[in-house]
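One file, coords-v9.txt, is given below (compact mmCIF, C-alpha atoms).
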```
# COMPACT_ATOMS: atom_id res chain seq x y z
CA MET H 1146 -39.80 9.05 -8.07
CA TYR H 1147 -36.77 7.79 -6.22
CA ILE H 1148 -34.14 9.20 -3.87
CA LYS H 1149 -30.45 8.29 -4.08
CA ARG H 1150 -28.70 6.69 -1.13
CA SER H 1151 -26.57 9.24 0.69
CA LYS H 1152 -22.90 8.38 1.26
CA ASP H 1153 -23.76 7.20 4.76
CA GLU H 1154 -26.78 5.20 3.60
CA LEU H 1155 -24.57 3.54 0.99
CA ALA H 1156 -21.95 2.76 3.62
CA GLN H 1157 -24.71 1.31 5.79
CA ARG H 1158 -25.96 -0.83 2.89
CA VAL H 1159 -22.45 -2.27 2.41
CA ALA H 1160 -21.99 -2.83 6.14
CA GLN H 1161 -25.26 -4.81 6.25
CA ASP H 1162 -23.66 -7.55 4.13
CA ILE H 1163 -20.50 -7.90 6.24
CA PHE H 1164 -20.70 -11.01 8.39
CA ASP H 1165 -19.64 -11.81 11.93
CA GLY H 1166 -15.96 -12.82 12.09
CA ALA H 1167 -15.03 -11.32 8.72
CA TYR H 1168 -11.53 -10.01 7.99
CA VAL H 1169 -12.11 -6.86 5.95
CA ASN H 1170 -10.00 -4.27 4.15
CA LEU H 1171 -11.68 -0.93 3.49
CA GLY H 1172 -10.07 1.05 0.67
CA ILE H 1173 -9.07 4.69 0.87
CA GLY H 1174 -11.85 7.28 0.55
CA GLN H 1175 -15.55 6.44 0.62
CA PRO H 1176 -15.09 2.80 1.72
CA THR H 1177 -13.61 3.94 5.06
CA LEU H 1178 -17.13 5.20 5.94
CA VAL H 1179 -18.29 1.57 6.12
CA ALA H 1180 -16.42 1.17 9.42
CA ASN H 1181 -18.88 3.56 11.08
CA HIS H 1182 -21.84 1.35 10.16
CA ILE H 1183 -20.71 -2.17 11.06
CA PRO H 1184 -23.48 -3.55 13.31
CA THR H 1185 -22.40 -3.59 16.96
CA HIS H 1186 -23.58 -7.17 17.51
CA ILE H 1187 -20.95 -8.61 15.15
CA GLU H 1188 -17.17 -8.71 15.42
CA VAL H 1189 -15.20 -7.68 12.33
CA VAL H 1190 -11.40 -7.42 12.06
CA LEU H 1191 -10.20 -4.55 9.88
CA HIS H 1192 -6.96 -4.95 7.94
CA SER H 1193 -4.77 -2.06 6.83
CA GLU H 1194 -2.20 -2.67 4.08
CA ASN H 1195 0.59 -1.02 6.07
CA GLY H 1196 0.65 -3.89 8.55
CA ILE H 1197 -2.32 -3.72 10.89
CA LEU H 1198 -5.07 -6.18 11.81
CA GLY H 1199 -7.68 -5.04 14.31
CA MET H 1200 -7.60 -1.42 13.28
CA GLY H 1201 -9.87 0.77 15.39
CA SER H 1202 -11.49 4.15 14.95
CA ALA H 1203 -9.78 7.54 14.74
CA PRO H 1204 -8.07 8.61 17.99
CA ALA H 1205 -9.33 11.41 20.18
CA LYS H 1206 -7.79 14.80 19.48
CA ALA H 1207 -4.24 15.08 20.90
CA GLU H 1208 -4.08 11.26 21.16
CA GLU H 1209 -2.77 10.81 17.61
CA ASP H 1210 0.22 8.51 17.22
CA TYR H 1211 1.90 8.94 13.85
CA ASP H 1212 3.42 5.46 14.02
CA LEU H 1213 -0.16 4.16 13.95
CA ILE H 1214 -1.79 5.24 10.70
CA ASN H 1215 -4.05 3.69 8.08
CA ALA H 1216 -3.46 3.25 4.34
CA GLY H 1217 -4.74 6.79 3.81
CA LYS H 1218 -2.01 7.99 6.21
CA GLN H 1219 -4.55 9.13 8.83
CA PRO H 1220 -3.98 8.31 12.52
CA VAL H 1221 -6.00 5.35 13.78
CA THR H 1222 -6.13 3.20 16.92
CA LEU H 1223 -5.57 -0.49 17.58
CA ARG H 1224 -8.29 -2.63 19.14
CA ALA H 1225 -7.59 -5.22 21.82
CA GLY H 1226 -6.47 -8.32 19.94
CA GLY H 1227 -4.90 -6.28 17.14
CA ALA H 1228 -1.54 -7.14 15.61
CA PHE H 1229 1.28 -5.51 13.64
CA PHE H 1230 3.24 -7.22 10.86
CA HIS H 1231 5.53 -6.24 8.01
CA HIS H 1232 4.51 -5.32 4.48
CA ALA H 1233 5.31 -8.66 2.84
CA ASP H 1234 3.07 -10.42 5.36
CA SER H 1235 0.38 -7.82 4.89
CA PHE H 1236 0.25 -8.32 1.15
CA ALA H 1237 0.53 -12.10 1.54
CA MET H 1238 -2.73 -11.83 3.50
CA MET H 1239 -4.31 -10.25 0.42
CA ARG H 1240 -2.71 -12.30 -2.34
CA GLY H 1241 -3.01 -15.48 -0.34
CA GLY H 1242 -6.79 -15.12 -0.14
CA HIS H 1243 -6.97 -14.68 3.62
CA LEU H 1244 -9.09 -11.54 3.61
CA ASP H 1245 -12.81 -12.23 3.38
CA ILE H 1246 -13.88 -8.90 1.91
CA CYS H 1247 -12.30 -5.80 0.50
CA VAL H 1248 -14.31 -2.72 -0.37
CA LEU H 1249 -12.89 -0.40 -3.00
CA GLY H 1250 -13.88 2.72 -4.90
CA ALA H 1251 -13.88 2.62 -8.71
CA PHE H 1252 -13.91 4.68 -11.90
CA GLN H 1253 -15.56 1.82 -13.80
CA VAL H 1254 -16.61 -1.79 -13.27
CA SER H 1255 -17.57 -4.12 -16.11
CA ALA H 1256 -20.60 -6.43 -16.06
CA THR H 1257 -18.28 -9.41 -15.57
CA GLY H 1258 -16.33 -7.76 -12.75
CA ASP H 1259 -13.32 -6.15 -14.40
CA LEU H 1260 -12.21 -3.23 -12.24
CA ALA H 1261 -10.70 0.12 -13.23
CA ASN H 1262 -9.84 2.23 -10.21
CA TRP H 1263 -6.19 3.29 -10.36
CA SER H 1264 -5.72 5.49 -13.39
CA THR H 1265 -7.82 7.51 -15.78
CA GLY H 1266 -5.02 7.12 -18.30
CA GLU H 1267 -4.91 10.87 -18.87
CA PRO H 1268 -1.78 11.83 -20.79
CA GLY H 1269 0.73 13.69 -18.60
CA SER H 1270 -0.81 12.52 -15.34
CA ILE H 1271 1.50 10.90 -12.81
CA PRO H 1272 0.49 7.28 -12.31
CA ALA H 1273 0.08 5.81 -8.82
CA VAL H 1274 -1.27 2.38 -7.97
CA GLY H 1275 -0.48 1.63 -4.32
CA GLY H 1276 -2.12 -1.59 -3.13
CA ALA H 1277 -5.15 -1.41 -5.45
CA MET H 1278 -4.14 -4.26 -7.77
CA ASP H 1279 -3.12 -6.56 -4.91
CA LEU H 1280 -6.38 -5.94 -3.04
CA ALA H 1281 -8.60 -6.29 -6.09
CA ILE H 1282 -7.43 -9.79 -6.97
CA GLY H 1283 -6.55 -10.98 -3.48
CA ALA H 1284 -9.60 -10.85 -1.24
CA LYS H 1285 -12.12 -13.69 -1.30
CA GLN H 1286 -14.74 -11.10 -2.26
CA THR H 1287 -14.02 -7.71 -3.78
CA TRP H 1288 -16.86 -5.24 -3.46
CA VAL H 1289 -17.01 -1.87 -5.13
CA MET H 1290 -18.73 1.13 -3.60
CA MET H 1291 -19.41 4.12 -5.85
CA ASP H 1292 -21.99 6.39 -7.45
CA LEU H 1293 -23.69 4.60 -10.33
CA LEU H 1294 -23.39 7.58 -12.65
CA THR H 1295 -20.62 10.01 -13.46
CA LYS H 1296 -21.23 13.73 -12.98
CA THR H 1297 -22.27 13.86 -16.63
CA GLY H 1298 -24.75 11.01 -16.22
CA GLU H 1299 -22.88 8.11 -17.79
CA SER H 1300 -23.02 4.72 -16.11
CA LYS H 1301 -19.82 3.67 -14.34
CA VAL H 1302 -20.99 0.09 -14.66
CA VAL H 1303 -20.08 -0.73 -18.23
CA GLN H 1304 -19.94 -3.59 -20.72
CA SER H 1305 -16.18 -3.23 -20.96
CA CYS H 1306 -13.91 -0.78 -19.10
CA THR H 1307 -12.35 2.04 -21.11
CA TYR H 1308 -10.03 3.14 -18.27
CA PRO H 1309 -6.85 1.13 -17.54
CA LEU H 1310 -7.67 -2.08 -15.67
CA THR H 1311 -6.80 -2.81 -12.06
CA GLY H 1312 -7.84 -6.46 -12.28
CA ILE H 1313 -9.83 -8.82 -14.48
CA GLY H 1314 -13.10 -10.43 -13.33
CA CYS H 1315 -12.32 -9.65 -9.71
CA VAL H 1316 -15.38 -7.65 -8.54
CA LYS H 1317 -18.18 -9.69 -7.07
CA ARG H 1318 -20.60 -6.96 -6.01
CA ILE H 1319 -21.16 -3.30 -6.82
CA TYR H 1320 -22.89 -1.13 -4.23
CA THR H 1321 -24.09 2.16 -5.68
CA ASP H 1322 -26.26 5.09 -4.66
CA LEU H 1323 -29.08 3.71 -6.84
CA ALA H 1324 -28.79 -0.06 -6.83
CA THR H 1325 -26.72 -3.05 -5.77
CA PHE H 1326 -25.41 -5.48 -8.39
CA GLU H 1327 -23.68 -8.80 -8.67
CA CYS H 1328 -21.04 -9.33 -11.36
CA THR H 1329 -21.15 -12.82 -12.83
CA PRO H 1330 -19.34 -14.47 -15.74
CA GLN H 1331 -22.73 -14.31 -17.53
CA GLY H 1332 -23.09 -10.58 -16.89
CA LEU H 1333 -24.66 -8.10 -14.52
CA LYS H 1334 -27.42 -9.02 -12.09
CA VAL H 1335 -29.36 -6.57 -9.94
CA ILE H 1336 -29.66 -7.41 -6.23
CA ASP H 1337 -31.68 -4.40 -5.08
CA THR H 1338 -32.63 -0.88 -6.07
CA VAL H 1339 -33.60 2.20 -4.08
CA ASN H 1340 -37.35 2.60 -3.48
CA GLY H 1341 -39.19 3.80 -6.54
CA LEU H 1342 -36.47 3.04 -9.08
CA THR H 1343 -38.03 0.74 -11.67
CA TYR H 1344 -36.19 -2.00 -13.51
CA ALA H 1345 -36.95 -0.22 -16.79
CA GLU H 1346 -35.45 3.06 -15.52
CA LEU H 1347 -32.40 1.26 -14.11
CA LYS H 1348 -31.85 -0.42 -17.48
CA ARG H 1349 -32.09 2.95 -19.18
CA LEU H 1350 -29.51 4.47 -16.81
CA LEU H 1351 -27.13 1.55 -17.26
CA GLY H 1352 -27.46 1.25 -21.01
CA ILE H 1353 -26.28 -2.36 -20.82
CA PRO H 1354 -28.14 -5.64 -20.20
CA VAL H 1355 -28.92 -6.41 -16.56
CA MET H 1356 -30.50 -9.59 -15.22
CA ARG H 1357 -33.08 -9.66 -12.46
CA MET X 612 33.36 -9.25 19.25
CA ILE X 613 30.42 -8.04 17.21
CA ASN X 614 29.51 -4.42 17.64
CA LYS X 615 27.21 -3.00 14.98
CA ILE X 616 26.58 0.18 16.91
CA SER X 617 27.87 3.14 14.96
CA PRO X 618 28.43 6.37 16.88
CA THR X 619 27.30 8.56 13.99
CA ILE X 620 25.20 8.33 10.87
CA ALA X 621 28.10 9.77 8.85
CA GLN X 622 30.32 6.85 9.86
CA ALA X 623 27.59 4.31 9.14
CA LEU X 624 27.06 5.70 5.63
CA ALA X 625 30.68 6.47 4.76
CA ASP X 626 31.02 3.75 2.12
CA VAL X 627 27.90 4.37 0.00
CA GLN X 628 28.92 4.25 -3.67
CA ASP X 629 27.67 6.29 -6.60
CA GLY X 630 25.10 4.29 -8.57
CA ALA X 631 23.86 2.42 -5.49
CA THR X 632 20.33 1.09 -5.17
CA VAL X 633 19.01 2.40 -1.86
CA LEU X 634 15.99 0.82 -0.18
CA ILE X 635 14.29 3.33 2.09
CA GLY X 636 11.68 2.11 4.58
CA GLY X 637 8.56 3.91 5.67
CA PHE X 638 4.94 4.39 4.73
CA GLY X 639 3.27 7.75 5.21
CA THR X 640 4.51 9.30 8.42
CA ALA X 641 5.49 5.96 9.93
CA GLY X 642 8.95 4.46 9.72
CA ILE X 643 10.59 7.01 7.42
CA PRO X 644 14.30 7.10 8.38
CA ASN X 645 14.62 10.85 7.87
CA GLU X 646 17.88 11.13 9.81
CA LEU X 647 19.50 8.50 7.56
CA ILE X 648 18.16 10.18 4.42
CA ASP X 649 19.70 13.45 5.62
CA GLY X 650 22.92 11.51 6.23
CA LEU X 651 22.83 10.17 2.68
CA ILE X 652 22.36 13.70 1.35
CA ALA X 653 25.40 14.83 3.37
CA GLN X 654 27.39 11.80 2.22
CA GLY X 655 26.87 12.90 -1.38
CA ALA X 656 26.53 9.67 -3.41
CA HIS X 657 25.20 10.28 -6.94
CA GLU X 658 23.23 8.40 -9.59
CA LEU X 659 21.16 6.58 -7.01
CA THR X 660 18.19 4.31 -7.56
CA VAL X 661 15.77 4.72 -4.66
CA VAL X 662 13.11 2.21 -3.62
CA ASN X 663 10.35 3.48 -1.33
CA ASN X 664 6.58 3.11 -1.25
CA ASN X 665 6.16 6.78 -2.11
CA ALA X 666 8.23 9.49 -3.77
CA GLY X 667 8.62 12.00 -0.98
CA ASN X 668 6.36 14.48 0.78
CA GLY X 669 6.86 18.19 1.25
CA ASP X 670 10.49 19.19 0.89
CA THR X 671 12.15 17.21 3.67
CA GLY X 672 13.38 13.61 3.91
CA LEU X 673 13.09 11.70 0.65
CA ALA X 674 11.82 14.80 -1.15
CA ALA X 675 14.99 16.65 -0.08
CA LEU X 676 17.11 13.79 -1.43
CA LEU X 677 15.26 13.92 -4.76
CA LYS X 678 15.73 17.68 -4.85
CA THR X 679 19.53 17.26 -4.85
CA GLY X 680 19.24 15.69 -8.30
CA ARG X 681 21.26 12.68 -7.19
CA VAL X 682 18.46 10.18 -7.73
CA ARG X 683 18.37 8.78 -11.25
CA LYS X 684 15.45 6.44 -10.78
CA ILE X 685 12.74 5.73 -8.25
CA ILE X 686 10.89 2.43 -7.84
CA CYS X 687 7.65 2.92 -5.90
CA SER X 688 3.93 2.18 -5.80
CA PHE X 689 2.39 5.55 -5.03
CA PRO X 690 4.41 8.61 -6.12
CA ARG X 691 1.52 11.03 -6.59
CA GLN X 692 0.38 12.67 -3.38
CA ALA X 693 -1.03 16.03 -2.37
CA ASP X 694 2.45 17.23 -1.36
CA SER X 695 4.74 15.31 -3.73
CA PHE X 696 5.63 18.49 -5.63
CA VAL X 697 9.38 17.80 -5.67
CA PHE X 698 8.91 14.46 -7.40
CA ASP X 699 6.14 15.81 -9.65
CA GLU X 700 8.41 18.53 -11.00
CA LEU X 701 11.35 16.14 -11.59
CA TYR X 702 9.07 13.61 -13.30
CA ARG X 703 7.37 16.17 -15.53
CA SER X 704 10.74 17.60 -16.60
CA ARG X 705 11.99 14.03 -17.22
CA LYS X 706 14.81 14.36 -14.71
CA ILE X 707 13.88 11.17 -12.91
CA GLU X 708 12.90 7.73 -14.14
CA LEU X 709 9.88 6.08 -12.51
CA GLU X 710 9.22 2.36 -12.23
CA LEU X 711 5.69 2.01 -10.89
CA VAL X 712 5.09 -1.29 -9.09
CA PRO X 713 1.93 -2.51 -7.32
CA GLN X 714 2.65 -2.31 -3.61
CA GLY X 715 2.39 -6.04 -2.95
CA ASN X 716 4.67 -6.83 -5.88
CA LEU X 717 7.12 -4.23 -4.60
CA THR X 718 7.34 -5.82 -1.17
CA GLU X 719 7.40 -9.37 -2.56
CA ARG X 720 10.20 -8.46 -4.98
CA LEU X 721 12.16 -7.15 -2.00
CA ARG X 722 11.31 -10.27 -0.03
CA ALA X 723 12.47 -12.45 -2.94
CA ALA X 724 15.79 -10.58 -3.03
CA GLY X 725 16.36 -11.23 0.65
CA ALA X 726 15.24 -14.85 0.43
CA GLY X 727 17.31 -15.84 -2.60
CA VAL X 728 14.28 -16.42 -4.84
CA GLY X 729 15.24 -15.90 -8.50
CA ALA X 730 11.80 -14.69 -9.63
CA PHE X 731 8.19 -15.49 -8.81
CA PHE X 732 4.78 -15.68 -10.46
CA THR X 733 2.22 -13.31 -8.96
CA PRO X 734 -1.44 -12.81 -9.90
CA THR X 735 -1.24 -9.10 -9.08
CA GLY X 736 -1.23 -6.90 -12.15
CA PHE X 737 -2.07 -9.63 -14.66
CA GLY X 738 -3.84 -8.15 -17.68
CA THR X 739 -2.97 -4.56 -16.68
CA GLU X 740 -0.53 -1.94 -17.93
CA LEU X 741 1.76 -2.81 -15.03
CA ALA X 742 2.34 -6.28 -16.48
CA LYS X 743 4.64 -4.49 -18.93
CA ASN X 744 8.30 -3.65 -18.55
CA THR X 745 9.31 0.01 -18.46
CA ASP X 746 10.18 -0.24 -22.18
CA GLY X 747 6.60 -1.34 -22.91
CA SER X 748 7.38 -4.99 -23.67
CA PRO X 749 5.09 -7.51 -21.95
CA LYS X 750 6.35 -9.29 -18.86
CA GLU X 751 6.41 -13.07 -19.01
CA THR X 752 3.12 -14.66 -17.93
CA ARG X 753 2.00 -18.17 -17.20
CA ARG X 754 -1.28 -19.94 -16.52
CA ILE X 755 -0.88 -22.22 -13.50
CA ASN X 756 -3.78 -24.42 -12.40
CA GLY X 757 -6.21 -22.28 -14.35
CA LYS X 758 -5.04 -18.97 -12.93
CA ASP X 759 -2.95 -16.31 -14.68
CA TYR X 760 0.30 -14.97 -13.25
CA VAL X 761 3.02 -12.45 -14.12
CA LEU X 762 6.71 -13.20 -13.63
CA GLU X 763 8.36 -10.64 -11.35
CA TYR X 764 12.05 -10.36 -10.45
CA PRO X 765 13.72 -9.45 -7.15
CA ILE X 766 14.79 -5.94 -6.23
CA TYR X 767 18.25 -6.13 -4.67
CA GLY X 768 19.52 -3.24 -2.60
CA ASP X 769 23.09 -2.13 -2.12
CA LEU X 770 21.95 -0.23 0.94
CA ALA X 771 18.82 -0.25 3.11
CA LEU X 772 17.89 2.61 5.40
CA ILE X 773 15.50 1.50 8.12
CA LYS X 774 13.84 3.15 11.07
CA ALA X 775 13.51 0.73 13.99
CA GLU X 776 12.72 1.19 17.66
CA ILE X 777 15.13 -0.83 19.81
CA GLY X 778 18.38 -2.49 18.75
CA ASP X 779 21.32 -4.25 20.36
CA ARG X 780 24.98 -4.54 19.38
CA TRP X 781 24.31 -7.69 17.35
CA GLY X 782 21.87 -5.66 15.23
CA ASN X 783 18.69 -7.32 16.46
CA LEU X 784 15.75 -4.98 15.96
CA THR X 785 12.23 -4.35 17.14
CA TYR X 786 9.89 -1.80 15.61
CA ARG X 787 7.09 0.39 16.84
CA LYS X 788 3.50 -0.14 15.64
CA ALA X 789 2.90 0.44 11.92
CA ALA X 790 6.38 1.95 11.54
CA ARG X 791 7.52 -1.64 10.92
CA ASN X 792 6.10 -1.70 7.36
CA PHE X 793 8.93 -2.24 4.83
CA GLY X 794 11.74 -2.40 7.43
CA PRO X 795 12.12 -6.17 7.85
CA VAL X 796 11.93 -7.01 4.12
CA MET X 797 14.28 -4.21 3.11
CA ALA X 798 16.79 -5.13 5.82
CA ALA X 799 17.05 -8.60 4.29
CA ALA X 800 17.08 -7.38 0.67
CA ALA X 801 20.17 -5.15 0.93
CA LYS X 802 23.88 -5.96 1.10
CA PHE X 803 24.33 -3.28 3.75
CA THR X 804 21.56 -2.25 6.15
CA VAL X 805 21.66 0.73 8.47
CA ALA X 806 18.92 1.14 11.06
CA THR X 807 18.21 4.00 13.42
CA VAL X 808 16.85 3.08 16.84
CA HIS X 809 15.50 5.10 19.74
CA HIS X 810 16.96 2.81 22.39
CA ILE X 811 19.97 0.53 22.51
CA ALA X 812 19.44 -2.59 24.58
CA GLU X 813 22.10 -4.72 26.26
CA LEU X 814 22.70 -8.02 24.50
CA GLY X 815 20.13 -10.48 25.87
CA GLU X 816 17.78 -7.76 26.97
CA LEU X 817 15.52 -7.99 23.92
CA ASN X 818 13.05 -10.85 24.24
CA PRO X 819 14.24 -13.39 21.63
CA GLU X 820 10.58 -14.24 20.95
CA ALA X 821 9.89 -10.62 20.06
CA ILE X 822 12.90 -9.74 17.88
CA VAL X 823 11.43 -8.85 14.48
CA THR X 824 14.60 -8.41 12.44
CA PRO X 825 17.45 -10.70 13.55
CA GLY X 826 20.86 -9.06 13.48
CA ILE X 827 22.09 -11.16 10.56
CA TYR X 828 20.25 -8.73 8.27
CA VAL X 829 21.65 -5.60 9.89
CA SER X 830 25.05 -3.99 9.34
CA LYS X 831 24.96 -0.86 11.49
CA ILE X 832 22.64 0.69 14.03
CA VAL X 833 22.70 4.30 15.13
CA LYS X 834 20.87 5.70 18.12
CA ILE X 835 18.83 8.81 17.40
CA ASP X 836 16.72 11.00 19.63
CA HIS X 837 13.03 10.54 20.14
CA VAL X 838 11.60 13.36 18.12
CA ALA X 839 8.06 14.47 18.73
CA THR X 840 7.26 15.34 15.14
CA LEU X 841 4.60 14.21 12.73
CA ALA X 842 7.14 12.41 10.58
CA GLY X 843 9.03 11.02 13.55
CA GLY X 844 6.11 9.04 14.80
CA PHE X 845 6.21 10.17 18.40
CA LYS X 846 4.01 12.62 20.18
CA SER X 847 5.61 14.41 23.07
CA ALA X 848 4.58 12.77 26.33
```

Take the structure from the file and write it as structure tokens.
Amino acid sequence: MYIKRSKDELAQRVAQDIFDGAYVNLGIGQPTLVANHIPTHIEVVLHSENGILGMGSAPAKAEEDYDLINAGKQPVTLRAGGAFFHHADSFAMMRGGHLDICVLGAFQVSATGDLANWSTGEPGSIPAVGGAMDLAIGAKQTWVMMDLLTKTGESKVVQSCTYPLTGIGCVKRIYTDLATFECTPQGLKVIDTVNGLTYAELKRLLGIPVMR
Amino acid sequence: MINKISPTIAQALADVQDGATVLIGGFGTAGIPNELIDGLIAQGAHELTVVNNNAGNGDTGLAALLKTGRVRKIICSFPRQADSFVFDELYRSRKIELELVPQGNLTERLRAAGAGVGAFFTPTGFGTELAKNTDGSPKETRRINGKDYVLEYPIYGDLALIKAEIGDRWGNLTYRKAARNFGPVMAAAAKFTVATVHHIAELGELNPEAIVTPGIYVSKIVKIDHVATLAGGFKSA
């Protein structure tokens, strides 16, 4: 028997691996939860694509400033030491490899680290990409945070992505509600699993080869 | 004497031509020059190409401009939002052309236009559907030092509409917080740049070390009121 990591437990698991002094971009959605779990004894500088370094937590009610928002367009605060800069500089920080870590959500990740997180390719849907492609290939380490399985039980970690790609070979680690993986040019490697989840069961859920 | 201060938005936008490419700053609620967009609607230019990160929210600002039917094409990174119903309807009924560009490529293409760079190789988008032209043909790629890149071209603006914070009569600008976003790159990428400001400073009053957009990139500035609205960026004191 095993119990899945809750969203907060997963965020905590990701936060555990963030190191002191890291410059980090947390993607829209689930990855923003990671900010709540960064250990207090380390100092981490959060980047927001719309031109902020040193982004702080959400403001108190009635303290919102709508000139100070995150990539998800929610009001945030600026920590002492924070800085503002324009969009070209902000994306140069990504593309130029200055960010240590970015954490993104995903529809699918391949064993070798291809990422699909911007489009399900559904006919008639309106495409939108934002900064996903720049982030995916820009940070020194791109981590994905997601449920391992879809609602219908299929693994989102796959041999080869069927959804449109965001970037090729760019994901280094996948943090999921059941296990943590490393993507390598040789294929998928498991780093840890939740208590009680056997290697055999994990392999069955994945349906693709995984190294220990 | 140089005096880029325009008494009204209508005067600042009087010469916008049909068919113009209009760069519009802003990201989310921050830095959207709504007053200038309203001025452009009143001015009446047709067949516009609009460049913005998004494709309008609700039915004001950029969405209101789209609703007039005067925008032929939009170049943006993230059109689909919870309240982008004006764009959604135009797109689904094929009344507007969309060029979807990864956000970093969008801003770098604008930067290239302002900096006189003819084209550039970027790793962003390599191997994806966005490494194709709008007609489906592949964009030029190159492997440089073992890494793959896509060739991207500048986006030149005929007009840029920018929301700044403080300006002087030479057109020097400062911004407020994350409302800076696309302002500085768009100001440089357009032949004619109009900025709204909340304060006009005397020449020499702005700290030269803190000027973000030097006046060389700015054609007109117009003072507007501080508005305590969600989209205006300011909370009432």

Distance table requested - chain H against chain X, cut-off 6 Å, all atoms listed in the file: one row per qualifying residue with the closest atom pair and its distance in Å to one decimal, ordered by chain and rising residue number, as a tab-separated table.
```
residue	atom	partner	partner_atom	distance
H:Asn1195	CA	X:Asn792	CA	5.7
H:Gly1196	CA	X:Ala789	CA	5.9
H:Tyr1211	CA	X:Gly844	CA	4.3
H:Asp1212	CA	X:Gly844	CA	4.5
H:Leu1213	CA	X:Ala789	CA	5.2
H:Lys1218	CA	X:Gly639	CA	5.4
H:His1231	CA	X:Asn792	CA	4.6
H:His1232	CA	X:Asn792	CA	4.9
H:Ala1233	CA	X:Thr718	CA	5.3
H:Phe1236	CA	X:Gly715	CA	5.2
H:Ala1273	CA	X:Phe689	CA	4.4
H:Val1274	CA	X:Ser688	CA	5.6
H:Gly1275	CA	X:Ser688	CA	4.7
H:Gly1276	CA	X:Gln714	CA	4.8
H:Met1278	CA	X:Thr735	CA	5.8
H:Asp1279	CA	X:Thr735	CA	5.2
H:Leu1310	CA	X:Thr739	CA	5.4
```

Requested in this report: Could you tell me how far CA of Thr1295 in chain H lies from CA of Leu1260 in chain H, in Å and to one decimal?
Outcome: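 CA of Leu1260 in chain H lies 15.7 Å from CA of Thr1295 in chain H.
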
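Interatomic distance, CA of Ile822 in chain X against CA of Ile686 in chain X: 28.5 Å.
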
Spatial neighbours of range 1338-1353 of chain H, max dist 9 Å, only C-alpha atoms, sep filter under 4 positions, as an mmCIF file with C-alpha atoms, keeping the file's coordinate frame:
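The new file part-v2.cif reads:
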```cif
data_model
loop_
_atom_site.group_PDB
_atom_site.id
_atom_site.type_symbol
_atom_site.label_atom_id
_atom_site.label_comp_id
_atom_site.auth_asym_id
_atom_site.auth_seq_id
_atom_site.Cartn_x
_atom_site.Cartn_y
_atom_site.Cartn_z
ATOM 1 C CA MET H 1146 -39.800 9.050 -8.070
ATOM 2 C CA TYR H 1147 -36.770 7.790 -6.220
ATOM 3 C CA ILE H 1148 -34.140 9.200 -3.870
ATOM 4 C CA LYS H 1149 -30.450 8.290 -4.080
ATOM 5 C CA ARG H 1150 -28.700 6.690 -1.130
ATOM 6 C CA ALA H 1256 -20.600 -6.430 -16.060
ATOM 7 C CA LEU H 1293 -23.690 4.600 -10.330
ATOM 8 C CA LEU H 1294 -23.390 7.580 -12.650
ATOM 9 C CA GLY H 1298 -24.750 11.010 -16.220
ATOM 10 C CA GLU H 1299 -22.880 8.110 -17.790
ATOM 11 C CA SER H 1300 -23.020 4.720 -16.110
ATOM 12 C CA LYS H 1301 -19.820 3.670 -14.340
ATOM 13 C CA VAL H 1302 -20.990 0.090 -14.660
ATOM 14 C CA VAL H 1303 -20.080 -0.730 -18.230
ATOM 15 C CA GLN H 1304 -19.940 -3.590 -20.720
ATOM 16 C CA ASP H 1322 -26.260 5.090 -4.660
ATOM 17 C CA LEU H 1323 -29.080 3.710 -6.840
ATOM 18 C CA ALA H 1324 -28.790 -0.060 -6.830
ATOM 19 C CA THR H 1325 -26.720 -3.050 -5.770
ATOM 20 C CA PHE H 1326 -25.410 -5.480 -8.390
ATOM 21 C CA LEU H 1333 -24.660 -8.100 -14.520
ATOM 22 C CA ARG H 1357 -33.080 -9.660 -12.460
#
```

Query raised in the report: Please, what distance in Å, to one decimal, runs between CA of Pro819 in chain X and CA of Gly1226 in chain H?
Result: 21.4 Å

Requested in this report: Pick out the residues sitting within 8 Å of Met1291 in chain H, and hand them over as a PyMOL selection string; count all atoms listed in the file, and ignore anything fewer than 4 positions along from it in its own chain.
Outcome: chain H and resi 1175+1250-1251+1319-1322

**Report entry** Best match for closeness to Pro644 in chain X among X:Lys678, X:Lys758, X:Lys834, X:Lys615, counting all atoms listed in the file
**Finding:**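 With all atoms listed in the file as the atom set, the closest residue is X:Lys834.
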
Query - Within 8 Å of Pro1184 in chain H using all atoms listed in the file, minus same-chain residues under 2 positions, as a list in words - result: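 Those residues are Ala1160, Gln1161, His1182, His1186 and Ile1187 of chain H.
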
For the residues in the current selection, export C-alpha atoms as an mmCIF file, in the coordinates of the input.
```cif
data_model
loop_
_atom_site.group_PDB
_atom_site.id
_atom_site.type_symbol
_atom_site.label_atom_id
_atom_site.label_comp_id
_atom_site.auth_asym_id
_atom_site.auth_seq_id
_atom_site.Cartn_x
_atom_site.Cartn_y
_atom_site.Cartn_z
ATOM 1 C CA ALA H 1160 -21.990 -2.830 6.140
ATOM 2 C CA GLN H 1161 -25.260 -4.810 6.250
ATOM 3 C CA HIS H 1182 -21.840 1.350 10.160
ATOM 4 C CA HIS H 1186 -23.580 -7.170 17.510
ATOM 5 C CA ILE H 1187 -20.950 -8.610 15.150
#
```

Query raised in the report: From the set H:Val1289, H:Ile1214, H:Ala1203, H:Ile1163, which residue has the shortest atom-to-atom contact distance to Asn1262 in chain H, counting all atoms listed in the file?
Result: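 Nearest to Asn1262 in chain H: H:Val1289.
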
Query raised in the report: List as a VMD selection string: which residues have an atom within 8 Å of (4.4, -17.1, -20.1), counting all atoms listed in the file?
Result: chain X and resid 751 to 754 761 to 762
